[in-house]
Each structure stands twice: as C-alpha cells, then as structure tokens.
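Accompanying notes for the structure given below.
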Amino acid sequence: MSQRTAYVTDLRTLQAECTANFVRLDRLLGDTVAGERVELPLASNTTRFGTLHLEVVERAPYTTIVRVFQSGVLDDMIDAPRMVVHLYHDVQMAEVTDFQRKRHFEGRYRYPNAHMHQPDEKLQLNRFLGEWLEHGLAHGQDTRIFETP
C-alpha cells in the first residue's frame, strides 16, 4: 500500500497569483474611492453574460477592501459568485478573504475534512478570482463608476 504525502502549500505560486490579481484589480478599479462601484457589462459579439461588479468597501493608505460579485440572467436560479478581496498596497498583493460568505481560508486543509475543502482551497479561490478578472478585462464593456447606495 502506498503512503500518501501531505499537501505542502505552494507559497511561491500563491504569491504570484495574488500579485497578478493586484495588478488586474488595479487596472479595473483605477482611482475608484470607498463607496463607489465599477460595473463591467460582460458580452461577446452576440451574447451578454451578465455584469461584473467591483465595489470598493474601504480604501486606506495600505489596504483596500473590494466586494466582487456578478449579476446576470440566472440570478433567480443559482447563487451568483461573490467574494471579498483585500488588496495590500505595500506588497502589491490581492487575497480572497471571503467566498460565498465563508471567511478565513487556511493555506492548506487535510483531506477529507468536514467542509470538503480541497487541500489547496486558498490557491484555487485566488486562481478563480484571477480567471474572473481576466474575463472581465477581456469581455468587459463600458466601465462605469457609481456611488453605492
């Protein structure tokens, strides 16, 4: 019987993903201040996918907190993805700190576990954010800034 080896957090890959996400969010947010929201309608030539929302909850000298979510035609049928991201300006990294209202993700999890997190759940969430933001950069139309109600 083979011995299973424990998952070891790939810190270099996680940091690279967080750095890339900081750059992506910086491009999308620009000079948006706390209380404002960027809305990116997502569309191809023929299809509208919904709208990506980036809401700046708090902006301070060293950190920014952004709520990221998407709205679209399936909102009545499925729970749309939503997350909270902390941007750390001094190290130029952005990290997912809340996904679908679940907070504080560990760097690694034993598997199996009670919540069925993957061993590299934190890395996967930050990769998902990166893919989501890349999609917004590639297919976002007409960036608009609104004050949040």
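All residue names refer to the structure tokens as shown: chains lettered A, B, ... in order, residues numbered from 1 in each chain, ligands numbered from 1 in order.
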Contact check, range 44-68 of chain A to range 120-137 of chain A, at most 12 Å, counting only C-alpha atoms, closest pairs as a tab-separated table:
```
residue	atom	partner	partner_atom	distance
A:Ser44	CA	A:His135	CA	10.8
A:Phe49	CA	A:Gly136	CA	10.5
A:Gly50	CA	A:Gly136	CA	10.5
A:Thr51	CA	A:Gly136	CA	8.9
A:Leu52	CA	A:Gly136	CA	6.9
A:His53	CA	A:Gly136	CA	9.7
A:Leu54	CA	A:Leu133	CA	10.0
A:Arg67	CA	A:Leu129	CA	11.6
A:Val68	CA	A:Leu129	CA	8.9
```
key: Distance query Asp90 in chain A at most 12 Å, only C-alpha atoms, self and fewer than 5 positions along chain excluded, as JSON, numbers by chain   = {"A": [19, 22, 60, 61, 62, 63, 64]}
For the selection you just gave me, I'd like the residues written to a file as a tab-separated table (two decimals), in the first residue's frame, keeping N, CA and C atoms.
```tsv
chain	number	residue	atom	x	y	z
A	19	THR	N	-0.23	38.53	-6.56
A	19	THR	CA	0.39	39.69	-7.20
A	19	THR	C	-0.29	40.01	-8.53
A	22	PHE	N	-3.61	41.61	-7.90
A	22	PHE	CA	-3.47	43.02	-7.52
A	22	PHE	C	-3.38	43.89	-8.77
A	60	ALA	N	-7.78	52.56	2.33
A	60	ALA	CA	-6.88	53.17	3.30
A	60	ALA	C	-5.49	53.24	2.67
A	61	PRO	N	-4.54	53.91	3.32
A	61	PRO	CA	-3.21	54.04	2.71
A	61	PRO	C	-2.53	52.71	2.36
A	62	TYR	N	-2.74	51.67	3.18
A	62	TYR	CA	-2.02	50.42	2.94
A	62	TYR	C	-2.91	49.27	2.48
A	63	THR	N	-4.23	49.42	2.59
A	63	THR	CA	-5.14	48.35	2.18
A	63	THR	C	-6.39	48.91	1.51
A	64	THR	N	-6.98	48.08	0.68
A	64	THR	CA	-8.29	48.36	0.09
A	64	THR	C	-9.09	47.08	0.19
```
